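One structure is given here, and the rest of the page talks about it.
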Amino acid sequence: MKPARTFAKVSRRFYRPEQSHCSVCQKRLRRAVTLTERTVITLDKVIKLVHAGYRCPDTHCAGYQRTYRSVKADALALPWFTYGLDIVLLVGRLRLREHQTVDEIHQELLKRLAPLGVKIARREVLYLFEAYCTLLRASSEAKDDMEWLVQVEKHGGIIVSVDGIQEDEGQRDGLCGARRAHRAGAFRRECHVIGDSGDEGPARPSSGVGGEGAGHDQRCPRK
């Protein structure tokens, strides 16, 4: 079994919903479940967080089964990602705006994370760039999806996460899709990966994140 990572400096935080009362009956919410207990690495610190979900205590309330989350906790990192969203955005900016290569981005991240005692592998840079492309495509195309916009208005917002499906035999791993969690079924979009040889091709579906992808082309292509 692979040993758990240890960090010299860890900041511990407890997150509860910013909303303290039920939106239906206005009764004070109570802690009902631990949604997440994980470590998130940001550019500033390593955070050991506990994210608690709250619910209305009135079993007769129409909103009794609704779980309230912390917006701040969800904004720290994508689901199942150790590296924070700020690092994902930095990788995307360095790649697409500054036109840096994967190796240059890798060295920049090593330098920025060194004060925290954190090291990041080159392969992780590829995963983070693919995640950035996925989010970029999902956000840029959402404005044209009227059915989706109606659902966003109805539910008062969205939760965007990164999802994957089982890879086909003989295909390499790759990051696949952005799931719009509130819609029925999984809504997935491809994010192309630029190979080290410069060849362009779609990311292969997988059961998680993976894939030796981006090379020296600075584009995040659209299909």
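Residue numbering restarts at 1 for every chain of the structure tokens, chains are lettered A, B, ... in their displayed order, and ligands are numbered from 1 as they appear.
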
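Backbone DSSP of stretch 8-42 of chain A yields strand (DSSP E or B) at Ser11, Arg12, Arg13, Phe14, Tyr15, His21, Arg28, Arg30, Arg31, Ala32, Val33, Thr34, Leu35, Thr36, Glu37, Arg38, Thr39, Val40 and Ile41 of chain A.
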
> A:Pro115: which residues within 10 Å, counting only C-alpha atoms, same-chain residues fewer than 6 positions away excluded, as an MDAnalysis selection string?
Replying inline: chainID A and resid 9 43:45

Convert the current residue selection to file output with N, CA, C and O atoms, as a short mmCIF file (atom, residue, chain, number, x, y, z; two decimals), in the first residue's frame.
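Writing the result to result-v2.cif gives the following:
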data_model
loop_
_atom_site.label_atom_id
_atom_site.label_comp_id
_atom_site.auth_asym_id
_atom_site.auth_seq_id
_atom_site.Cartn_x
_atom_site.Cartn_y
_atom_site.Cartn_z
N LYS A 9 3.86 21.60 7.36
CA LYS A 9 2.97 22.66 7.83
C LYS A 9 1.56 22.41 7.29
O LYS A 9 1.35 22.42 6.09
N LEU A 43 -1.69 27.32 -3.33
CA LEU A 43 -0.42 28.03 -3.50
C LEU A 43 0.08 28.62 -2.19
O LEU A 43 1.29 28.87 -2.04
N ASP A 44 -0.82 28.85 -1.24
CA ASP A 44 -0.44 29.52 0.01
C ASP A 44 -0.23 28.57 1.18
O ASP A 44 0.59 28.84 2.06
N LYS A 45 -0.97 27.47 1.21
CA LYS A 45 -0.90 26.60 2.38
C LYS A 45 -1.42 25.21 2.06
O LYS A 45 -2.09 24.99 1.03
#

> What lies within 9 Å of A:Gly117 using only C-alpha atoms, ignoring chain neighbours under 2 positions off, as a PyMOL selection string?
Replying inline: chain A and resi 7-9+113-115+119

Write out, as an mmCIF file, in the first residue's frame, the residues just selected, with N, CA, C and O atoms.
data_model
loop_
_atom_site.group_PDB
_atom_site.id
_atom_site.type_symbol
_atom_site.label_atom_id
_atom_site.label_comp_id
_atom_site.auth_asym_id
_atom_site.auth_seq_id
_atom_site.Cartn_x
_atom_site.Cartn_y
_atom_site.Cartn_z
ATOM 1 N N PHE A 7 2.973 16.312 5.528
ATOM 2 C CA PHE A 7 3.374 17.686 5.261
ATOM 3 C C PHE A 7 3.857 18.327 6.556
ATOM 4 O O PHE A 7 3.306 18.088 7.630
ATOM 5 N N ALA A 8 4.872 19.163 6.424
ATOM 6 C CA ALA A 8 5.469 19.797 7.599
ATOM 7 C C ALA A 8 4.533 20.836 8.216
ATOM 8 O O ALA A 8 4.416 20.953 9.437
ATOM 9 N N LYS A 9 3.859 21.603 7.359
ATOM 10 C CA LYS A 9 2.965 22.662 7.829
ATOM 11 C C LYS A 9 1.558 22.411 7.291
ATOM 12 O O LYS A 9 1.349 22.425 6.088
ATOM 13 N N LEU A 113 5.746 25.957 -4.644
ATOM 14 C CA LEU A 113 5.299 25.066 -3.577
ATOM 15 C C LEU A 113 6.415 24.671 -2.617
ATOM 16 O O LEU A 113 6.144 24.076 -1.567
ATOM 17 N N ALA A 114 7.657 25.005 -2.966
ATOM 18 C CA ALA A 114 8.799 24.644 -2.120
ATOM 19 C C ALA A 114 8.679 25.167 -0.687
ATOM 20 O O ALA A 114 9.005 24.440 0.258
ATOM 21 N N PRO A 115 8.223 26.416 -0.465
ATOM 22 C CA PRO A 115 8.099 26.900 0.920
ATOM 23 C C PRO A 115 7.130 26.076 1.766
ATOM 24 O O PRO A 115 7.223 26.095 3.000
ATOM 25 N N LYS A 119 6.145 18.771 -3.133
ATOM 26 C CA LYS A 119 6.673 18.496 -4.462
ATOM 27 C C LYS A 119 5.541 17.983 -5.345
ATOM 28 O O LYS A 119 4.669 17.256 -4.888
#

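In this model, the gap between atom CA of A:Ala75 and atom CA of A:Met146 comes to 25.1 Å.
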
Mind dumping a table of every stretch 98-146 of chain A residue within 10 Å of stretch 83-93 of chain A, with the nearest atom pair and its distance in Å to one decimal, using only C-alpha atoms, sorted by chain and rising number, as CSV?
residue,atom,partner,partner_atom,distance
A:Glu98,CA,A:Arg93,CA,6.6
A:His99,CA,A:Arg93,CA,8.4
A:Gln100,CA,A:Arg93,CA,9.1
A:Val102,CA,A:Val91,CA,9.1
A:Ile105,CA,A:Val91,CA,6.8
A:His106,CA,A:Val91,CA,8.9
A:Glu108,CA,A:Val91,CA,9.4
A:Leu109,CA,A:Ile87,CA,8.4
A:Ile120,CA,A:Tyr83,CA,9.4
A:Glu124,CA,A:Tyr83,CA,9.2
A:Val125,CA,A:Val91,CA,7.3
A:Leu126,CA,A:Val91,CA,9.1
A:Tyr127,CA,A:Val88,CA,9.1
A:Leu128,CA,A:Val88,CA,5.4
A:Phe129,CA,A:Gly92,CA,5.8
A:Glu130,CA,A:Gly92,CA,8.8
A:Ala131,CA,A:Val88,CA,7.2
A:Tyr132,CA,A:Gly92,CA,5.8
A:Cys133,CA,A:Gly92,CA,7.6
A:Leu135,CA,A:Leu89,CA,9.8
A:Leu136,CA,A:Gly92,CA,9.3

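Rounded to one decimal, atom CA of A:Val40 and atom CA of A:Thr82 lie 4.9 Å from each other.
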
>> List the spatial neighbours of A:Asp74 as a list in words - criterion: any atom at most 12 Å away, only C-alpha atoms, same-chain residues fewer than 2 positions off excluded.
In response: Tyr15, Arg16, Pro17, Glu18, Leu35, Thr36, Val40, Leu49, Val50, His51, Ala52, Gly53, Tyr68, Arg69, Ser70, Val71, Lys72, Leu76, Ala77, Leu78, Pro79, Trp80, Phe81, Gly84, Leu85, Ile158, Ile159, Val160 and Ser161 of chain A

>> With DSSP run on the backbone, what are the helix (DSSP H, G or I) residues within stretch 40-175 of chain A? I'd like them as a ChimeraX atom specification.
In response: /A:71-76,85-96,102-116,122-142,146-155

> So, counting only C-alpha atoms, which residue among A:Arg66, A:His60, A:Arg12, A:Arg5 is closest to A:Leu29?
Replying inline: A:Arg66
